[in-house]
Amino acid sequence: MSYISNITNAVGTLIEGMKVTMGYFVRPREHVTLQYPDEVWPVPSRNIGVGELDAYNTIRSKLTVDMNDCIGCKACERACPVNCIHIDAYKGTPEDNLQITSNGTQVKLLVANFIIDMSECMFCDLCTHPCPEDCITMTPDYQFISNDNLKTDVTPEQRWRDKDLLIYQFSKVSEEERNRRKAEADEAKKAKAALMAAKKAAAEKAAAEKAASEQAATEKAATPEVSEETARAETEAEVIKPSQEVSPAPEEATNPINVTFHEKSSAETETEPAQPDVVTEKPDESEDSTAKESENG
Amino acid sequence: MIQSLANWILSFDILSGLGYSISWGLSLFVVSALIFVFVAVNAIVLVYIERKVSAFMQVRLGPMRVGKFGMLQTVADALKLLQKEDIIPRMADKVLFIIGPWTILIASVVTFAAIPFSETLLAANMNIGLFYVVSISSIVVLGIVMAGWASNNKWSLYGAMRSAAQIISYEIPVGITLISVVAVVGSLNLQTIVQAQAGVGNLFHWIPIPLPNWFIFHSPFLFLAAFIYLIGATAEINRTPFDIPESESELVAGFMTEYSGLRWALFFLSEYANATLVAFLVAIVFLGGWQSPFADYQGAQVALAIMTLTAGMWTAFVKTKVGRLSIYPLGLSLALTLSAWLFPGFAIWLASPGLFWMIMKAATIIFLLMWFRWTFPRLRVDQLMYVSWKVILPISIMNLMGVAVWMWLTGEIQF
Ligand code: SF4
Ligand code: SF4
């Protein structure tokens, strides 16, 4: 008898299932599909419980910096646990026309370069709190597909594939100006370093001579000429060493973010002759590989 | 159709010098091309409809971005498939790998030659039409086994073997249910089978509800046989819930695993050609083919029939808690009813075009198949065999005997 009951049971449950699907079929207006670029989910405006400002109470997503207020204090750069903020600030000159911020602070530094690498940012919100001017803030904009940030001639697809396109530049200083400032600062630094090295060398020479004269005074049995010469050679070797360390000073070469960002400017303006080969080849390779990937895909 | 086309070509003065055989060959070519174009366009349309139906049943939207409501999506997909790289695996059996999909496609397209689309639209009026359709469509399994074997891939081979076992199992109940119809008509000619369903009669011969003389209303046994045929045919064309030969979750698409580009598109084409064929066959054998459901009613009766039909639909909708939408069928039925009362010519128009009714019936069956597909879970292999050999086969054999007894009771045959 279970044979018959099995069959009737099967038919009954099948009809039941068909009723369910038909019930949904005749209601095509109720759908869960989101026509993404045309419609987006509303961003929940929940309170994350930090501070009174609206900017702190939204969801944590894309960062933004109000460059009119930034004083270049680098507090945010130091706070970031993953080191994805990079700031170059140089001492302002009268022709920079530095403003007063909305908090009433006089801006003294020209923020020539303000980069946030959004591909590394983990949206921890730690950079926004130390800012004395409240100018670096989280926005609820979670759509990184946009053309209005850094480079305007890229498609959204490229932006996703190419990591460089997630590096957001906030400062409005032009490339030439930035490079000029950088070169000036580098030269100033180099001069300072050379000065320091010379001072140090002089001090060390004096110390060495003093030591040598003391030695000569104590060891009268040995011939004085030979000992003096060897001592001078030793001190000269010591003196040359620190000055060699100082002179090239390619600080940006050790920093990958600066490298990827500066390669274009160095290739165009030729203001930085230091190691352009290493710098330019790297992104080309990555572009090729992405192009190959896209072809395969 | 071929002969009339050939005669029509010869009726022109310029072309009359061609001679009958050349003109006949020309018409043969034209008709086959027509059928192939029908199959191809049909597949493109059905894939779109299937996506939409599945989407609506799953509370989604389906394709929306290519063309209005995504209507050009399948065209775009077809173009993409044509451009794709055609890969033949290195270890595959090249010859079989290439002829496999073509075998399947040819077997499923060629069957359309015997299908009467309307009173006159029929490529070949065969006296063994039904037998021809059933036997030729079985060649599909040969192509599937070829493709599965040639792929040299264990999934493909499993899929092909399952397909063979399944089709062999389900051929028998399908054949027997079709024989029960043949027993009533006494002919294998599909056109004769359609013509035997003309007119209006009582439901199941005695129950006084005037319904068309379709075989599904002929007797309780043929009513059951229609559903058995539908189940068996679903299994034969490898559609869910009987899609174990190509089950994506276990066999990675079965015999299609190694195929790409155009050859894969051929599988798809034949799949939908087969589904359409089954739908047409159900329509012809059980639902009166190109006969209009209102053919032998008067205008007032047409109105009454539409009213009854929609009232039934309406109650069904109310029961599924969708009262809001049911206003549309009701309004449509009122409009149709009114116009059928006022303009008897409209009722006759509703009754006339054979192709329209044929396609409407086939579309209903295809929708039913899609409804099955997006509702039921897939059967296990042993369940599949159980259903075939222990449930459907005994029932269909008893059905055949029941049909004979019924005909003796109603006096359709005498001994
Ligand atoms: S949110 Fe966190 S990770 Fe992102 S920039 Fe700020 S401190 Fe760095
Ligand atoms: S902490 Fe604020 S003011 Fe200071 S550098 Fe960062 S964004 Fe500018």
# chains A, B, ... in the order shown; residues from 1 in each chain; ligands from 1
>>> residues_around(residues="B:Asn274", least_positions_apart="6", cutoff="8 Å", atoms="only C-alpha atoms", output="PDB file with N, CA, C and O atoms, in the first residue's frame")
ATOM      1  N   SER B 108      17.497  16.415 -33.882  1.00  0.00           N
ATOM      2  CA  SER B 108      16.384  17.158 -33.306  1.00  0.00           C
ATOM      3  C   SER B 108      15.741  18.098 -34.319  1.00  0.00           C
ATOM      4  O   SER B 108      14.559  18.410 -34.182  1.00  0.00           O
ATOM      5  N   SER B 137      13.928  11.133 -32.985  1.00  0.00           N
ATOM      6  CA  SER B 137      14.381  11.890 -31.817  1.00  0.00           C
ATOM      7  C   SER B 137      15.201  11.011 -30.883  1.00  0.00           C
ATOM      8  O   SER B 137      15.941  11.524 -30.043  1.00  0.00           O
ATOM      9  N   ILE B 237      14.249  14.566 -22.940  1.00  0.00           N
ATOM     10  CA  ILE B 237      15.003  15.735 -23.394  1.00  0.00           C
ATOM     11  C   ILE B 237      15.931  16.247 -22.312  1.00  0.00           C
ATOM     12  O   ILE B 237      16.473  17.347 -22.428  1.00  0.00           O
TER      13      ILE B 237
END
>>> residues_around(residues="B:Ile87", least_positions_apart="5", cutoff="9 Å", atoms="only C-alpha atoms", output="list of chain:residue names")
B:Glu258, B:Tyr259, B:Ser260, B:Gly261
>>> closest_residue(among="A:Asn83, A:Ser5, A:Thr13, A:Thr128", to="ligand 2", atoms="only C-alpha atoms and all ligand atoms")
A:Thr128
>>> residues_near_ligand(ligand="ligand 2", cutoff="10 Å", atoms="only C-alpha atoms and all ligand atoms", output="PyMOL selection string")
chain A and resi 64-79+85-89+101+107+109+111+114+127-137+170
>>> interface_residues(of="chain B", to="chain A", cutoff="8 Å", atoms="only C-alpha atoms", output="number ranges by chain")
B: 53, 56-61, 320, 322, 325, 371-372, 374-376, 391
>>> atom_distance(atom1="atom CA of A:Ile167", atom2="atom CA of A:Ile116")
5.8 Å
>>> residues_around(residues="B:Val200", least_positions_apart="2", cutoff="6 Å", atoms="only C-alpha atoms", output="tab-separated table (two decimals) with N, CA and C atoms, in the first residue's frame")
chain	number	residue	atom	x	y	z
B	211	LEU	N	-16.77	20.43	-24.27
B	211	LEU	CA	-15.35	20.76	-24.42
B	211	LEU	C	-14.91	20.30	-25.80
B	212	PRO	N	-13.82	20.86	-26.31
B	212	PRO	CA	-13.33	20.39	-27.61
B	212	PRO	C	-13.02	18.89	-27.55
B	213	ASN	N	-13.07	18.27	-28.69
B	213	ASN	CA	-12.87	16.84	-28.77
B	213	ASN	C	-11.42	16.42	-28.64
>>> atom_distance(atom1="atom CA of A:Ser174", atom2="atom CA of A:Phe144")
23.9 Å
>>> residues_around(residues="B:Phe217", least_positions_apart="2", cutoff="9 Å", atoms="only C-alpha atoms", output="ChimeraX atom specification")
/B:201-205,211-215,219-220,222-223,286-287
>>> residues_near_ligand(ligand="ligand 1", cutoff="6 Å", atoms="only C-alpha atoms and all ligand atoms", output="PyMOL selection string")
chain A and resi 79-82+84-85+121-127
>>> write_last_selection(atoms="C-alpha atoms", output="CSV table (one decimal), in the first residue's frame")
chain,number,residue,atom,x,y,z
A,79,ALA,CA,48.6,57.6,13.2
A,80,CYS,CA,48.0,55.3,10.3
A,81,PRO,CA,48.8,51.8,11.3
A,82,VAL,CA,49.4,50.6,7.7
A,84,CYS,CA,49.1,54.4,3.6
A,85,ILE,CA,49.1,58.2,4.0
A,121,CYS,CA,43.6,51.6,3.8
A,122,MET,CA,41.6,49.4,6.2
A,123,PHE,CA,39.1,52.1,7.1
A,124,CYS,CA,40.1,52.0,10.7
A,125,ASP,CA,39.3,55.6,11.2
A,126,LEU,CA,42.5,56.2,13.3
A,127,CYS,CA,43.8,58.9,11.1
>>> atom_distance(atom1="atom CA of B:Val185", atom2="atom CA of B:Val285")
10.1 Å
>>> closest_residue(among="B:Asp77, B:Glu119, B:Glu271, B:Asp382", to="B:Ile244", atoms="only C-alpha atoms")
B:Asp382
>>> residues_around(residues="stretch 395-405 of chain B", least_positions_apart="4", cutoff="9 Å", atoms="only C-alpha atoms", output="list in words")
Pro173, Val174, Ile176, Thr177, Ile179, Ser180, Val181, Ala183, Val184, Ser219, Pro220, Phe221, Leu222, Leu224, Ala225, Ile228, Tyr229, Lys390, Val391, Leu409, Thr410 and Ile413 of chain B
>>> closest_residue(among="A:Ala188, A:Leu166, A:Val173, A:Ala202", to="A:Ala112", atoms="only C-alpha atoms")
A:Val173
>>> select_by_dssp(residues="stretch 28-143 of chain A", states="strand (DSSP E)", output="list in words")
Leu63, Thr64, Val65, Ile85, His86, Ile87, Asp88, Ala89, Tyr90, Lys91, Leu109, Leu110, Val111, Ala112, Asn113, Phe114, Ile115, Ile116, Asp117, Ile136, Thr137 and Met138 of chain A
>>> closest_residue(among="B:Gly232, B:Gly143, B:Gly186, B:Gly17", to="B:Val282", atoms="only C-alpha atoms")
B:Gly232
>>> closest_residue(among="B:Glu50, B:Glu412, B:Asp93, B:Glu171", to="B:Trp149", atoms="only C-alpha atoms")
B:Asp93
>>> residues_around(residues="B:Arg162", least_positions_apart="2", cutoff="12 Å", atoms="only C-alpha atoms", output="PyMOL selection string")
chain B and resi 141+144-145+148+155-160+164-169+235-236+238+242-247+251+254-255+380-382+384-385
>>> decode(residues="stretch 1-44 of chain A", atoms="N, CA and C atoms", output="PDB file, in the first residue's frame")
ATOM      1  N   MET A   1       0.834  -1.207   0.000  1.00  0.00           N
ATOM      2  CA  MET A   1       0.000   0.000   0.000  1.00  0.00           C
ATOM      3  C   MET A   1       0.866   1.253   0.000  1.00  0.00           C
ATOM      4  N   SER A   2       2.075   1.100   0.554  1.00  0.00           N
ATOM      5  CA  SER A   2       2.937   2.276   0.595  1.00  0.00           C
ATOM      6  C   SER A   2       3.297   2.727  -0.822  1.00  0.00           C
ATOM      7  N   TYR A   3       3.210   1.807  -1.763  1.00  0.00           N
ATOM      8  CA  TYR A   3       3.484   2.148  -3.160  1.00  0.00           C
ATOM      9  C   TYR A   3       2.545   3.238  -3.644  1.00  0.00           C
ATOM     10  N   ILE A   4       1.235   3.017  -3.432  1.00  0.00           N
ATOM     11  CA  ILE A   4       0.229   3.984  -3.878  1.00  0.00           C
ATOM     12  C   ILE A   4       0.367   5.286  -3.098  1.00  0.00           C
ATOM     13  N   SER A   5       0.539   5.152  -1.778  1.00  0.00           N
ATOM     14  CA  SER A   5       0.611   6.376  -0.971  1.00  0.00           C
ATOM     15  C   SER A   5       1.853   7.179  -1.341  1.00  0.00           C
ATOM     16  N   ASN A   6       2.943   6.472  -1.680  1.00  0.00           N
ATOM     17  CA  ASN A   6       4.140   7.182  -2.135  1.00  0.00           C
ATOM     18  C   ASN A   6       3.838   8.007  -3.370  1.00  0.00           C
ATOM     19  N   ILE A   7       3.144   7.375  -4.322  1.00  0.00           N
ATOM     20  CA  ILE A   7       2.861   8.080  -5.572  1.00  0.00           C
ATOM     21  C   ILE A   7       1.977   9.291  -5.314  1.00  0.00           C
ATOM     22  N   THR A   8       0.906   9.089  -4.546  1.00  0.00           N
ATOM     23  CA  THR A   8       0.004  10.223  -4.301  1.00  0.00           C
ATOM     24  C   THR A   8       0.720  11.315  -3.523  1.00  0.00           C
ATOM     25  N   ASN A   9       1.559  10.879  -2.592  1.00  0.00           N
ATOM     26  CA  ASN A   9       2.329  11.850  -1.817  1.00  0.00           C
ATOM     27  C   ASN A   9       3.234  12.663  -2.734  1.00  0.00           C
ATOM     28  N   ALA A  10       3.910  11.939  -3.658  1.00  0.00           N
ATOM     29  CA  ALA A  10       4.817  12.623  -4.581  1.00  0.00           C
ATOM     30  C   ALA A  10       4.056  13.629  -5.430  1.00  0.00           C
ATOM     31  N   VAL A  11       2.928  13.200  -5.990  1.00  0.00           N
ATOM     32  CA  VAL A  11       2.157  14.104  -6.845  1.00  0.00           C
ATOM     33  C   VAL A  11       1.694  15.310  -6.040  1.00  0.00           C
ATOM     34  N   GLY A  12       1.226  15.050  -4.812  1.00  0.00           N
ATOM     35  CA  GLY A  12       0.745  16.149  -3.976  1.00  0.00           C
ATOM     36  C   GLY A  12       1.831  17.156  -3.682  1.00  0.00           C
ATOM     37  N   THR A  13       3.013  16.666  -3.313  1.00  0.00           N
ATOM     38  CA  THR A  13       4.093  17.606  -2.980  1.00  0.00           C
ATOM     39  C   THR A  13       4.577  18.353  -4.217  1.00  0.00           C
ATOM     40  N   LEU A  14       4.566  17.666  -5.359  1.00  0.00           N
ATOM     41  CA  LEU A  14       4.977  18.356  -6.587  1.00  0.00           C
ATOM     42  C   LEU A  14       4.032  19.505  -6.887  1.00  0.00           C
ATOM     43  N   ILE A  15       2.727  19.240  -6.751  1.00  0.00           N
ATOM     44  CA  ILE A  15       1.755  20.304  -7.021  1.00  0.00           C
ATOM     45  C   ILE A  15       1.934  21.440  -6.025  1.00  0.00           C
ATOM     46  N   GLU A  16       2.228  21.063  -4.795  1.00  0.00           N
ATOM     47  CA  GLU A  16       2.460  22.092  -3.772  1.00  0.00           C
ATOM     48  C   GLU A  16       3.627  23.005  -4.172  1.00  0.00           C
ATOM     49  N   GLY A  17       4.722  22.362  -4.611  1.00  0.00           N
ATOM     50  CA  GLY A  17       5.889  23.145  -5.019  1.00  0.00           C
ATOM     51  C   GLY A  17       5.579  24.038  -6.198  1.00  0.00           C
ATOM     52  N   MET A  18       4.815  23.502  -7.162  1.00  0.00           N
ATOM     53  CA  MET A  18       4.484  24.305  -8.337  1.00  0.00           C
ATOM     54  C   MET A  18       3.617  25.495  -7.951  1.00  0.00           C
ATOM     55  N   LYS A  19       2.767  25.297  -6.952  1.00  0.00           N
ATOM     56  CA  LYS A  19       1.950  26.417  -6.484  1.00  0.00           C
ATOM     57  C   LYS A  19       2.842  27.530  -5.948  1.00  0.00           C
ATOM     58  N   VAL A  20       3.865  27.140  -5.195  1.00  0.00           N
ATOM     59  CA  VAL A  20       4.747  28.146  -4.593  1.00  0.00           C
ATOM     60  C   VAL A  20       5.441  28.964  -5.677  1.00  0.00           C
ATOM     61  N   THR A  21       6.036  28.255  -6.670  1.00  0.00           N
ATOM     62  CA  THR A  21       6.764  28.996  -7.694  1.00  0.00           C
ATOM     63  C   THR A  21       5.815  29.860  -8.513  1.00  0.00           C
ATOM     64  N   MET A  22       4.611  29.338  -8.791  1.00  0.00           N
ATOM     65  CA  MET A  22       3.673  30.153  -9.560  1.00  0.00           C
ATOM     66  C   MET A  22       3.253  31.375  -8.762  1.00  0.00           C
ATOM     67  N   GLY A  23       3.128  31.200  -7.448  1.00  0.00           N
ATOM     68  CA  GLY A  23       2.794  32.334  -6.599  1.00  0.00           C
ATOM     69  C   GLY A  23       3.794  33.461  -6.761  1.00  0.00           C
ATOM     70  N   TYR A  24       5.087  33.100  -6.853  1.00  0.00           N
ATOM     71  CA  TYR A  24       6.089  34.140  -7.055  1.00  0.00           C
ATOM     72  C   TYR A  24       6.090  34.647  -8.486  1.00  0.00           C
ATOM     73  N   PHE A  25       5.799  33.742  -9.426  1.00  0.00           N
ATOM     74  CA  PHE A  25       5.891  34.121 -10.837  1.00  0.00           C
ATOM     75  C   PHE A  25       4.908  35.233 -11.182  1.00  0.00           C
ATOM     76  N   VAL A  26       3.711  35.175 -10.599  1.00  0.00           N
ATOM     77  CA  VAL A  26       2.708  36.174 -10.955  1.00  0.00           C
ATOM     78  C   VAL A  26       2.917  37.484 -10.208  1.00  0.00           C
ATOM     79  N   ARG A  27       3.988  37.571  -9.427  1.00  0.00           N
ATOM     80  CA  ARG A  27       4.264  38.839  -8.751  1.00  0.00           C
ATOM     81  C   ARG A  27       5.627  39.368  -9.169  1.00  0.00           C
ATOM     82  N   PRO A  28       5.794  39.722 -10.441  1.00  0.00           N
ATOM     83  CA  PRO A  28       7.139  40.116 -10.880  1.00  0.00           C
ATOM     84  C   PRO A  28       7.590  41.454 -10.322  1.00  0.00           C
ATOM     85  N   ARG A  29       6.674  42.208  -9.754  1.00  0.00           N
ATOM     86  CA  ARG A  29       7.092  43.514  -9.237  1.00  0.00           C
ATOM     87  C   ARG A  29       7.906  43.399  -7.951  1.00  0.00           C
ATOM     88  N   GLU A  30       7.658  42.319  -7.219  1.00  0.00           N
ATOM     89  CA  GLU A  30       8.419  42.158  -5.979  1.00  0.00           C
ATOM     90  C   GLU A  30       9.695  41.396  -6.292  1.00  0.00           C
ATOM     91  N   HIS A  31      10.783  42.112  -6.453  1.00  0.00           N
ATOM     92  CA  HIS A  31      12.030  41.422  -6.759  1.00  0.00           C
ATOM     93  C   HIS A  31      13.108  41.900  -5.816  1.00  0.00           C
ATOM     94  N   VAL A  32      14.114  41.074  -5.660  1.00  0.00           N
ATOM     95  CA  VAL A  32      15.214  41.450  -4.780  1.00  0.00           C
ATOM     96  C   VAL A  32      16.391  41.994  -5.567  1.00  0.00           C
ATOM     97  N   THR A  33      16.296  41.960  -6.894  1.00  0.00           N
ATOM     98  CA  THR A  33      17.421  42.410  -7.706  1.00  0.00           C
ATOM     99  C   THR A  33      17.620  43.915  -7.575  1.00  0.00           C
ATOM    100  N   LEU A  34      18.872  44.313  -7.487  1.00  0.00           N
ATOM    101  CA  LEU A  34      19.208  45.728  -7.451  1.00  0.00           C
ATOM    102  C   LEU A  34      19.888  46.048  -8.771  1.00  0.00           C
ATOM    103  N   GLN A  35      19.345  46.991  -9.515  1.00  0.00           N
ATOM    104  CA  GLN A  35      19.944  47.362 -10.803  1.00  0.00           C
ATOM    105  C   GLN A  35      21.127  48.253 -10.506  1.00  0.00           C
ATOM    106  N   TYR A  36      22.279  47.655 -10.204  1.00  0.00           N
ATOM    107  CA  TYR A  36      23.315  48.350  -9.444  1.00  0.00           C
ATOM    108  C   TYR A  36      23.705  49.755  -9.890  1.00  0.00           C
ATOM    109  N   PRO A  37      24.199  49.964 -11.085  1.00  0.00           N
ATOM    110  CA  PRO A  37      24.660  51.352 -11.284  1.00  0.00           C
ATOM    111  C   PRO A  37      23.514  52.353 -11.262  1.00  0.00           C
ATOM    112  N   ASP A  38      22.294  51.880 -11.565  1.00  0.00           N
ATOM    113  CA  ASP A  38      21.153  52.790 -11.559  1.00  0.00           C
ATOM    114  C   ASP A  38      20.584  52.974 -10.156  1.00  0.00           C
ATOM    115  N   GLU A  39      20.542  51.872  -9.407  1.00  0.00           N
ATOM    116  CA  GLU A  39      20.030  51.985  -8.042  1.00  0.00           C
ATOM    117  C   GLU A  39      21.120  51.513  -7.088  1.00  0.00           C
ATOM    118  N   VAL A  40      21.205  52.129  -5.942  1.00  0.00           N
ATOM    119  CA  VAL A  40      22.133  51.645  -4.918  1.00  0.00           C
ATOM    120  C   VAL A  40      21.383  51.562  -3.602  1.00  0.00           C
ATOM    121  N   TRP A  41      21.867  50.674  -2.737  1.00  0.00           N
ATOM    122  CA  TRP A  41      21.266  50.608  -1.414  1.00  0.00           C
ATOM    123  C   TRP A  41      21.534  51.918  -0.686  1.00  0.00           C
ATOM    124  N   PRO A  42      20.573  52.382   0.096  1.00  0.00           N
ATOM    125  CA  PRO A  42      20.854  53.554   0.919  1.00  0.00           C
ATOM    126  C   PRO A  42      21.907  53.201   1.966  1.00  0.00           C
ATOM    127  N   VAL A  43      22.826  54.145   2.199  1.00  0.00           N
ATOM    128  CA  VAL A  43      23.870  53.892   3.184  1.00  0.00           C
ATOM    129  C   VAL A  43      23.266  54.017   4.578  1.00  0.00           C
ATOM    130  N   PRO A  44      23.469  53.030   5.427  1.00  0.00           N
ATOM    131  CA  PRO A  44      22.894  53.149   6.771  1.00  0.00           C
ATOM    132  C   PRO A  44      23.580  54.268   7.531  1.00  0.00           C
TER     133      PRO A  44
END
